[in-house]
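Visitor: Before I ask anything, let me first share the structure, which is written out below as structure tokens.
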Amino acid sequence: MERKLCKIAIASGKGGTGKTTLSVSLYQQLKDRFEGKIQLVDCDVEEPNDLLFFSSAKLISSRPVYQLIPEIDTGKCNFCRKCADYCEFNAIVVIPPAGFAEVNSSLCHSCGACLIACDQGAITEHPVSIGDISTYQSEAGDNLAEGKLKIGSAMQTMLIKELKKEDTAGLDMVIYDAPPGTSCPVVATVSDADYVVLVTEPTLFGLHDFKLMVELMRELKIPFGTVVNKAGLGDEEVYNYIRKEKIELLGKIPFNRDFASKYAKANLFSDIPGNILENLKKVADRIVDVICNEIEIPA
Amino acid sequence: MKEITILSGKGGTGKTSVTGALAALAESCVFCDNDVDAADLHLLFQPEVREEHSFASGLKSFIDISACTQCGICADHCRFEAIHVMENGEYVINPFQCEGCRLCERVCPAEAIRSEKSTNNAWYVSDSRFGQLVHARMAPGEENSGKLVTRVRKKAKELAKAEGADYIINDGPPGIGCSTIASLSGTDIVLVIIEPTMSGLHDAKRLVDLARTFQVLIFAVINKFDINLDITTVIEEYLKIEKISLLAKIPFDENMVKAMTVGKTIFEYRTDSEAGNQLKLVWNALKEASLTT
């Protein structure tokens, strides 16, 4: 029987809690268990970092992603202003006496409403690059996909949605490394995940942003568990909250200066401190258990 | 009046802790949390809210099932794949995917779609021991954080003007997307907080490239510099090439974490610390720089 594709997302709310560390480490832990039919997908398109940890990975494919920006032909335009009225993002300026009609591309969401508004056939769309989607592989069998937002583009959510349309044929599992925050790019990353791992840290800021993520997961009705990173720093509040809210604690990763220094050098695959490796293995075991036995993966 | 914005590219490098430390040093200053989607500055400021305003981030569309003829025209037109057909043939709009463009409403021949403003977001004007703070709370999953950033910054400017403040200090968001773009536009000085990790440097470079497209003065701080001295050296070389002044190297200090855990700035937690001394250098340099911009 063919296995269904399982999708897990690693998210956090607060930045710098360890999403990338956990994503890369879990990928490494799960690679053999899924016989290499697993891909790490870096959805933090504003600041993608996963690739830094795979120094031998080679570029396999790369394609630009475009946003369609409308252009108004003032030769055909009758300056009725209907397109500007239809545009909910205030991206169109029409000044009839001046014969002026233009689209501000930085405000445009490429929704297509202005095209429907115009009955003069004066609006056409033109592609503008918002970033690239690339895939990488290494001889060790690593398989990565990454979205990279073009500097200056505000279309990160569109790029994430496009990244998630990449071909997953032959894969049994994908791990999405999410961007920080709780707004639309995070929703785009986690919305189709079968399970979400929320990484938090035992600090005031970590707990505050973790609560926001828990609220979001419950609204989206996605099953989730948590990993407390940098355990030993800060205080006990985050554990009290996890207990009170009956959230599954998948594991703790102790704060360890040597491990932090390994992360700094983008090396998470060799000489990992024993107690950290042990905890990572436990988290991986538990995730496999949840995926195989406790949640339903839709066909 | 000068506007100073703290940014980093990568999250968790210490933007809010540095902002808090500067707040303890700065006089005649209005503060503004530009990280509206995981706002944390108020946890340090513990402000008393003076005004609360709701913020309509955008529209969400809904289908009236009783009027819908299930023709599917709306779903064909929606470019955000937000309209779904249920097993029973009913059409529904996923509010998390809807961007509020109202195209579906306009093309629906049965007039079965209406749109409503989402007012889940709020922004606040508060008083604190450091001065006035403008901050916001975005409901999880909301759109348009850039617009909310623009809104809180506008208010901070009004307050600074009214009280004759010398500075606005903005605690910025991570990343380089729409909220960061909204944070950069019109600010005078950007302070980039870099941690000595490959990720920290990679992300700071992308942020600097973005900041270069705005008319801003850029300064840098290396936070937790002693976590990795080799990478700290690489960062110093990068900053030299880019002609960006490095204002300070802050050591990793557990007192910074402990101070944050109890909602205090480093200066309120420890009167004398190396991290604190470095942060004083940062503030003095920023003050001096703001005279010349």
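Convention: chains lettered A, B, ... in structure tokens order; per-chain residue numbering from 1; ligands numbered from 1 as shown.
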Find the residues in chain B near chain A: any atom within 7 Å counts, using only C-alpha atoms. Write them as a PDB file with N, CA, C and O atoms, in the first residue's frame.

Guide:
```pdb
ATOM      1  N   GLY B   9      16.550  41.410  10.838  1.00  0.00           N
ATOM      2  CA  GLY B   9      16.410  40.319   9.874  1.00  0.00           C
ATOM      3  C   GLY B   9      15.994  39.059  10.605  1.00  0.00           C
ATOM      4  O   GLY B   9      14.821  38.697  10.676  1.00  0.00           O
ATOM      5  N   LYS B  10      16.948  38.400  11.238  1.00  0.00           N
ATOM      6  CA  LYS B  10      16.666  37.200  12.021  1.00  0.00           C
ATOM      7  C   LYS B  10      15.913  37.566  13.305  1.00  0.00           C
ATOM      8  O   LYS B  10      16.191  38.599  13.911  1.00  0.00           O
ATOM      9  N   GLY B  11      15.030  36.688  13.726  1.00  0.00           N
ATOM     10  CA  GLY B  11      14.322  36.900  14.987  1.00  0.00           C
ATOM     11  C   GLY B  11      15.173  36.448  16.166  1.00  0.00           C
ATOM     12  O   GLY B  11      16.117  35.662  16.013  1.00  0.00           O
ATOM     13  N   GLY B  12      14.859  36.972  17.340  1.00  0.00           N
ATOM     14  CA  GLY B  12      15.500  36.487  18.557  1.00  0.00           C
ATOM     15  C   GLY B  12      16.938  36.919  18.741  1.00  0.00           C
ATOM     16  O   GLY B  12      17.678  36.322  19.517  1.00  0.00           O
ATOM     17  N   THR B  13      17.359  37.991  18.058  1.00  0.00           N
ATOM     18  CA  THR B  13      18.747  38.431  18.232  1.00  0.00           C
ATOM     19  C   THR B  13      18.867  39.437  19.372  1.00  0.00           C
ATOM     20  O   THR B  13      19.971  39.780  19.773  1.00  0.00           O
ATOM     21  N   ASP B  37       2.845  41.735  15.188  1.00  0.00           N
ATOM     22  CA  ASP B  37       2.220  40.417  15.155  1.00  0.00           C
ATOM     23  C   ASP B  37       2.734  39.478  16.235  1.00  0.00           C
ATOM     24  O   ASP B  37       2.051  38.530  16.586  1.00  0.00           O
ATOM     25  N   ALA B  38       3.860  39.771  16.840  1.00  0.00           N
ATOM     26  CA  ALA B  38       4.217  39.103  18.099  1.00  0.00           C
ATOM     27  C   ALA B  38       4.837  40.184  18.981  1.00  0.00           C
ATOM     28  O   ALA B  38       6.033  40.218  19.224  1.00  0.00           O
ATOM     29  N   ASP B  40       6.054  42.273  21.970  1.00  0.00           N
ATOM     30  CA  ASP B  40       6.565  41.913  23.295  1.00  0.00           C
ATOM     31  C   ASP B  40       7.035  43.111  24.119  1.00  0.00           C
ATOM     32  O   ASP B  40       7.248  42.973  25.321  1.00  0.00           O
ATOM     33  N   ARG B  79      -8.367  34.338  -6.744  1.00  0.00           N
ATOM     34  CA  ARG B  79      -6.961  34.002  -7.013  1.00  0.00           C
ATOM     35  C   ARG B  79      -6.235  33.522  -5.760  1.00  0.00           C
ATOM     36  O   ARG B  79      -5.060  33.202  -5.806  1.00  0.00           O
ATOM     37  N   CYS B 101     -10.497  41.025  -1.219  1.00  0.00           N
ATOM     38  CA  CYS B 101     -10.476  41.848  -2.438  1.00  0.00           C
ATOM     39  C   CYS B 101     -11.877  42.103  -2.985  1.00  0.00           C
ATOM     40  O   CYS B 101     -12.061  42.967  -3.838  1.00  0.00           O
ATOM     41  N   LEU B 103     -13.616  40.528  -5.022  1.00  0.00           N
ATOM     42  CA  LEU B 103     -13.870  40.149  -6.417  1.00  0.00           C
ATOM     43  C   LEU B 103     -15.039  39.165  -6.485  1.00  0.00           C
ATOM     44  O   LEU B 103     -15.905  39.272  -7.354  1.00  0.00           O
ATOM     45  N   PRO B 140      -4.291  36.618  15.971  1.00  0.00           N
ATOM     46  CA  PRO B 140      -3.530  35.619  15.225  1.00  0.00           C
ATOM     47  C   PRO B 140      -4.168  35.331  13.861  1.00  0.00           C
ATOM     48  O   PRO B 140      -5.378  35.232  13.745  1.00  0.00           O
ATOM     49  N   GLY B 141      -3.314  35.231  12.849  1.00  0.00           N
ATOM     50  CA  GLY B 141      -3.791  34.867  11.525  1.00  0.00           C
ATOM     51  C   GLY B 141      -4.262  36.026  10.683  1.00  0.00           C
ATOM     52  O   GLY B 141      -4.718  35.841   9.562  1.00  0.00           O
ATOM     53  N   GLU B 142      -4.136  37.258  11.201  1.00  0.00           N
ATOM     54  CA  GLU B 142      -4.647  38.407  10.460  1.00  0.00           C
ATOM     55  C   GLU B 142      -3.712  38.834   9.330  1.00  0.00           C
ATOM     56  O   GLU B 142      -2.547  38.492   9.288  1.00  0.00           O
ATOM     57  N   GLU B 143      -4.275  39.658   8.443  1.00  0.00           N
ATOM     58  CA  GLU B 143      -3.546  40.169   7.285  1.00  0.00           C
ATOM     59  C   GLU B 143      -3.061  41.583   7.552  1.00  0.00           C
ATOM     60  O   GLU B 143      -3.503  42.239   8.487  1.00  0.00           O
ATOM     61  N   GLY B 175      12.465  39.710   9.925  1.00  0.00           N
ATOM     62  CA  GLY B 175      12.182  39.513   8.502  1.00  0.00           C
ATOM     63  C   GLY B 175      12.481  40.732   7.667  1.00  0.00           C
ATOM     64  O   GLY B 175      13.050  41.730   8.144  1.00  0.00           O
ATOM     65  N   ILE B 176      12.123  40.628   6.373  1.00  0.00           N
ATOM     66  CA  ILE B 176      12.341  41.750   5.450  1.00  0.00           C
ATOM     67  C   ILE B 176      11.099  41.986   4.596  1.00  0.00           C
ATOM     68  O   ILE B 176      11.168  42.624   3.559  1.00  0.00           O
ATOM     69  N   GLY B 177       9.948  41.465   5.039  1.00  0.00           N
ATOM     70  CA  GLY B 177       8.712  41.563   4.256  1.00  0.00           C
ATOM     71  C   GLY B 177       7.926  42.824   4.537  1.00  0.00           C
ATOM     72  O   GLY B 177       8.499  43.859   4.899  1.00  0.00           O
ATOM     73  N   CYS B 178       6.593  42.710   4.429  1.00  0.00           N
ATOM     74  CA  CYS B 178       5.773  43.933   4.439  1.00  0.00           C
ATOM     75  C   CYS B 178       5.892  44.729   5.738  1.00  0.00           C
ATOM     76  O   CYS B 178       5.964  45.957   5.693  1.00  0.00           O
ATOM     77  N   PRO B 196      26.230  36.577  16.357  1.00  0.00           N
ATOM     78  CA  PRO B 196      27.326  35.964  15.623  1.00  0.00           C
ATOM     79  C   PRO B 196      27.035  34.512  15.267  1.00  0.00           C
ATOM     80  O   PRO B 196      27.656  33.586  15.766  1.00  0.00           O
ATOM     81  N   THR B 197      26.042  34.316  14.402  1.00  0.00           N
ATOM     82  CA  THR B 197      25.749  32.986  13.864  1.00  0.00           C
ATOM     83  C   THR B 197      25.678  33.146  12.353  1.00  0.00           C
ATOM     84  O   THR B 197      25.455  34.252  11.854  1.00  0.00           O
ATOM     85  N   MET B 198      25.854  32.044  11.630  1.00  0.00           N
ATOM     86  CA  MET B 198      25.774  32.097  10.172  1.00  0.00           C
ATOM     87  C   MET B 198      24.405  32.641   9.758  1.00  0.00           C
ATOM     88  O   MET B 198      24.299  33.439   8.836  1.00  0.00           O
ATOM     89  N   SER B 199      23.360  32.195  10.476  1.00  0.00           N
ATOM     90  CA  SER B 199      22.007  32.661  10.156  1.00  0.00           C
ATOM     91  C   SER B 199      21.882  34.156  10.434  1.00  0.00           C
ATOM     92  O   SER B 199      21.299  34.897   9.648  1.00  0.00           O
ATOM     93  N   ASP B 203      20.987  36.806   7.508  1.00  0.00           N
ATOM     94  CA  ASP B 203      19.738  37.556   7.563  1.00  0.00           C
ATOM     95  C   ASP B 203      19.991  39.063   7.674  1.00  0.00           C
ATOM     96  O   ASP B 203      19.251  39.867   7.106  1.00  0.00           O
ATOM     97  N   LEU B 210      17.986  45.637   1.994  1.00  0.00           N
ATOM     98  CA  LEU B 210      16.668  46.280   1.929  1.00  0.00           C
ATOM     99  C   LEU B 210      16.757  47.720   2.445  1.00  0.00           C
ATOM    100  O   LEU B 210      16.242  48.651   1.817  1.00  0.00           O
ATOM    101  N   ILE B 227      29.572  34.389  21.854  1.00  0.00           N
ATOM    102  CA  ILE B 227      29.055  33.045  21.540  1.00  0.00           C
ATOM    103  C   ILE B 227      29.911  32.414  20.444  1.00  0.00           C
ATOM    104  O   ILE B 227      30.136  31.215  20.414  1.00  0.00           O
ATOM    105  N   ASN B 228      30.370  33.248  19.501  1.00  0.00           N
ATOM    106  CA  ASN B 228      31.269  32.724  18.476  1.00  0.00           C
ATOM    107  C   ASN B 228      32.177  33.835  17.952  1.00  0.00           C
ATOM    108  O   ASN B 228      31.775  34.666  17.142  1.00  0.00           O
ATOM    109  N   VAL B 257      18.925  37.785  30.149  1.00  0.00           N
ATOM    110  CA  VAL B 257      17.789  36.845  30.120  1.00  0.00           C
ATOM    111  C   VAL B 257      16.992  36.958  31.414  1.00  0.00           C
ATOM    112  O   VAL B 257      15.759  37.017  31.398  1.00  0.00           O
ATOM    113  N   LYS B 258      17.715  37.009  32.534  1.00  0.00           N
ATOM    114  CA  LYS B 258      17.041  37.061  33.837  1.00  0.00           C
ATOM    115  C   LYS B 258      16.240  38.350  33.982  1.00  0.00           C
ATOM    116  O   LYS B 258      15.130  38.349  34.513  1.00  0.00           O
ATOM    117  N   MET B 260      14.920  40.111  31.578  1.00  0.00           N
ATOM    118  CA  MET B 260      13.749  39.994  30.708  1.00  0.00           C
ATOM    119  C   MET B 260      12.686  39.103  31.346  1.00  0.00           C
ATOM    120  O   MET B 260      11.488  39.411  31.271  1.00  0.00           O
ATOM    121  N   THR B 261      13.129  38.038  32.003  1.00  0.00           N
ATOM    122  CA  THR B 261      12.188  37.108  32.622  1.00  0.00           C
ATOM    123  C   THR B 261      11.316  37.785  33.687  1.00  0.00           C
ATOM    124  O   THR B 261      10.163  37.436  33.874  1.00  0.00           O
TER     125      THR B 261
END
```

Visitor: Assign secondary structure with DSSP using the backbone only, and return the residues of region 116-273 of chain A in strand (DSSP E) as a ChimeraX atom specification.

Guide: /A:123-137,143-149,173-177,195-200,224-231,248-254

Visitor: With only C-alpha atoms as the counted atoms, please give the residues lying no more than 9 Å from Thr119 (chain B), apart from itself and same-chain residues fewer than 5 positions off, as a PyMOL selection string.

Guide: chain B and resi 54-58

Visitor: Identify, on the basis of only C-alpha atoms, every residue whose closest approach to Thr69 (chain B) does not exceed 12 Å; exclude the query and any residue fewer than 2 positions from it along the same chain; express the result as a count of residues only.

Guide: 18

Visitor: Expressed in Å to a single decimal, how great is the separation between CA of Leu217 (chain B) and CA of Lys155 (chain B)?

Guide: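 These atoms are spaced 22.7 Å apart.
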
Visitor: Mind giving me the straight-line distance from CA of Lys246 (chain A) to CA of Leu198 (chain A) in Å, one decimal?

Guide: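 Going from CA of Lys246 (chain A) over to CA of Leu198 (chain A), I get 14.0 Å.
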
Visitor: Enumerate the residues of region 158-225 of chain B with a DSSP assignment of alpha helix (DSSP H), computed from the backbone, and present them as a list in words.

Guide: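 Answer for region 158-225 of chain B restricted to alpha helix (DSSP H) is Glu158, Leu159, Ala160, Lys161, Ala162, Glu163, Cys178, Ser179, Thr180, Ile181, Ala182, Ser183, Leu184, Met198, Ser199, Gly200, Leu201, His202, Asp203, Ala204, Lys205, Arg206, Leu207, Val208, Asp209, Leu210 and Ala211 of chain B.
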
Visitor: Deliver the residues from the most recent selection as a file, using C-alpha atoms, as a PDB file, in the first residue's frame.

Guide:
```
ATOM      1  CA  GLU B 158       1.878  62.836  16.500  1.00  0.00           C
ATOM      2  CA  LEU B 159       2.627  62.245  20.183  1.00  0.00           C
ATOM      3  CA  ALA B 160       6.317  63.061  19.765  1.00  0.00           C
ATOM      4  CA  LYS B 161       5.433  66.293  17.982  1.00  0.00           C
ATOM      5  CA  ALA B 162       2.886  67.267  20.627  1.00  0.00           C
ATOM      6  CA  GLU B 163       5.231  66.718  23.552  1.00  0.00           C
ATOM      7  CA  CYS B 178       5.773  43.933   4.439  1.00  0.00           C
ATOM      8  CA  SER B 179       6.040  44.881   8.153  1.00  0.00           C
ATOM      9  CA  THR B 180       9.758  45.589   7.866  1.00  0.00           C
ATOM     10  CA  ILE B 181       9.201  47.676   4.754  1.00  0.00           C
ATOM     11  CA  ALA B 182       6.507  49.605   6.667  1.00  0.00           C
ATOM     12  CA  SER B 183       8.975  50.071   9.566  1.00  0.00           C
ATOM     13  CA  LEU B 184      11.766  51.390   7.347  1.00  0.00           C
ATOM     14  CA  MET B 198      25.774  32.097  10.172  1.00  0.00           C
ATOM     15  CA  SER B 199      22.007  32.661  10.156  1.00  0.00           C
ATOM     16  CA  GLY B 200      22.321  35.984  11.975  1.00  0.00           C
ATOM     17  CA  LEU B 201      24.829  37.297   9.448  1.00  0.00           C
ATOM     18  CA  HIS B 202      22.967  35.922   6.418  1.00  0.00           C
ATOM     19  CA  ASP B 203      19.738  37.556   7.563  1.00  0.00           C
ATOM     20  CA  ALA B 204      21.385  40.860   8.544  1.00  0.00           C
ATOM     21  CA  LYS B 205      22.874  41.131   5.037  1.00  0.00           C
ATOM     22  CA  ARG B 206      19.437  40.810   3.460  1.00  0.00           C
ATOM     23  CA  LEU B 207      18.093  43.430   5.865  1.00  0.00           C
ATOM     24  CA  VAL B 208      20.955  45.835   5.068  1.00  0.00           C
ATOM     25  CA  ASP B 209      20.309  45.354   1.341  1.00  0.00           C
ATOM     26  CA  LEU B 210      16.668  46.280   1.929  1.00  0.00           C
ATOM     27  CA  ALA B 211      17.523  49.238   4.205  1.00  0.00           C
TER      28      ALA B 211
END
```

Visitor: What lies within 8 Å of Asn94 (chain B) using only C-alpha atoms, ignoring chain neighbours under 5 positions off, as number ranges by chain?

Guide: B: 82-84

Visitor: Write the residues of the selection above to a file with C-alpha atoms, as a PDB file, in the first residue's frame.

Guide:
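Below is the file again05.pdb, written as the result:
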```pdb
ATOM      1  CA  ALA B  82      -9.995  30.790  -0.586  1.00  0.00           C
ATOM      2  CA  ILE B  83     -13.341  29.450  -1.868  1.00  0.00           C
ATOM      3  CA  HIS B  84     -13.982  25.756  -1.345  1.00  0.00           C
TER       4      HIS B  84
END
```

Visitor: Need the shell around region 245-248 of chain B: protein/DNA/RNA residues with any atom at most 12 Å away, counting only C-alpha atoms. Skip same-chain ones fewer than 4 positions apart. Format as a PyMOL selection string?

Guide: chain B and resi 18+190-194+217-225+232-233+235-241+274-289

Visitor: Which residues, written as a VMD selection string, have at least one atom at most 8 Å from Lys15 (chain B), with only C-alpha atoms counted and residues fewer than 5 positions away on the same chain left out?

Guide: chain B and resid 6 to 8 171 to 172 193

Visitor: The selected residues should be written to file as a PDB file, in the first residue's frame (atoms: all heavy atoms).

Guide:
```pdb
ATOM      1  N   ILE B   6      14.901  49.770  15.457  1.00  0.00           N
ATOM      2  CA  ILE B   6      15.744  48.616  15.780  1.00  0.00           C
ATOM      3  C   ILE B   6      15.279  47.424  14.926  1.00  0.00           C
ATOM      4  O   ILE B   6      14.117  47.013  15.018  1.00  0.00           O
ATOM      5  CB  ILE B   6      15.608  48.225  17.276  1.00  0.00           C
ATOM      6  CG1 ILE B   6      15.552  49.454  18.198  1.00  0.00           C
ATOM      7  CG2 ILE B   6      16.708  47.246  17.695  1.00  0.00           C
ATOM      8  CD1 ILE B   6      16.790  50.257  18.337  1.00  0.00           C
ATOM      9  N   LEU B   7      16.185  46.878  14.116  1.00  0.00           N
ATOM     10  CA  LEU B   7      15.833  45.749  13.243  1.00  0.00           C
ATOM     11  C   LEU B   7      16.931  44.696  13.285  1.00  0.00           C
ATOM     12  O   LEU B   7      17.992  44.915  13.870  1.00  0.00           O
ATOM     13  CB  LEU B   7      15.643  46.257  11.802  1.00  0.00           C
ATOM     14  CG  LEU B   7      14.408  47.131  11.543  1.00  0.00           C
ATOM     15  CD1 LEU B   7      14.530  47.833  10.193  1.00  0.00           C
ATOM     16  CD2 LEU B   7      13.120  46.300  11.586  1.00  0.00           C
ATOM     17  N   SER B   8      16.676  43.548  12.658  1.00  0.00           N
ATOM     18  CA  SER B   8      17.686  42.491  12.729  1.00  0.00           C
ATOM     19  C   SER B   8      17.654  41.483  11.586  1.00  0.00           C
ATOM     20  O   SER B   8      18.613  40.765  11.378  1.00  0.00           O
ATOM     21  CB  SER B   8      17.520  41.706  14.035  1.00  0.00           C
ATOM     22  OG  SER B   8      16.276  41.026  14.017  1.00  0.00           O
ATOM     23  N   ASP B 171      10.711  49.571  18.073  1.00  0.00           N
ATOM     24  CA  ASP B 171      11.161  48.181  18.181  1.00  0.00           C
ATOM     25  C   ASP B 171      10.590  47.452  16.967  1.00  0.00           C
ATOM     26  O   ASP B 171       9.380  47.307  16.837  1.00  0.00           O
ATOM     27  CB  ASP B 171      10.611  47.583  19.495  1.00  0.00           C
ATOM     28  CG  ASP B 171      11.134  46.174  19.747  1.00  0.00           C
ATOM     29  OD1 ASP B 171      12.079  45.749  19.045  1.00  0.00           O
ATOM     30  OD2 ASP B 171      10.597  45.503  20.642  1.00  0.00           O
ATOM     31  N   GLY B 172      11.459  47.013  16.070  1.00  0.00           N
ATOM     32  CA  GLY B 172      11.000  46.514  14.772  1.00  0.00           C
ATOM     33  C   GLY B 172      10.654  45.035  14.740  1.00  0.00           C
ATOM     34  O   GLY B 172      10.915  44.306  15.686  1.00  0.00           O
ATOM     35  N   ILE B 193      20.670  44.724  14.862  1.00  0.00           N
ATOM     36  CA  ILE B 193      21.196  43.862  15.917  1.00  0.00           C
ATOM     37  C   ILE B 193      21.583  42.528  15.284  1.00  0.00           C
ATOM     38  O   ILE B 193      20.731  41.795  14.785  1.00  0.00           O
ATOM     39  CB  ILE B 193      20.146  43.598  17.020  1.00  0.00           C
ATOM     40  CG1 ILE B 193      19.432  44.887  17.441  1.00  0.00           C
ATOM     41  CG2 ILE B 193      20.781  42.887  18.219  1.00  0.00           C
ATOM     42  CD1 ILE B 193      20.293  45.899  18.128  1.00  0.00           C
TER      43      ILE B 193
END
```

Visitor: One number please: CA of Ile247 (chain A) to CA of Met138 (chain B), in Å, one decimal.

Guide: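 Separation between CA of Ile247 (chain A) and CA of Met138 (chain B): 23.2 Å.
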
Visitor: Calculated over only C-alpha atoms, which of the candidates B:Gln132, B:Lys60, B:Asn121, B:Cys78 has the smallest distance to Val149 (chain B)?

Guide: B:Asn121

Visitor: For a quick check of understanding, using only C-alpha atoms, which of A:Ile60, A:Ala284, A:Ile291, A:Tyr195 has the smallest distance to Thr135 (chain A)?

Guide: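 Checking each candidate against Thr135 (chain A), we get A:Ile60 as the closest.
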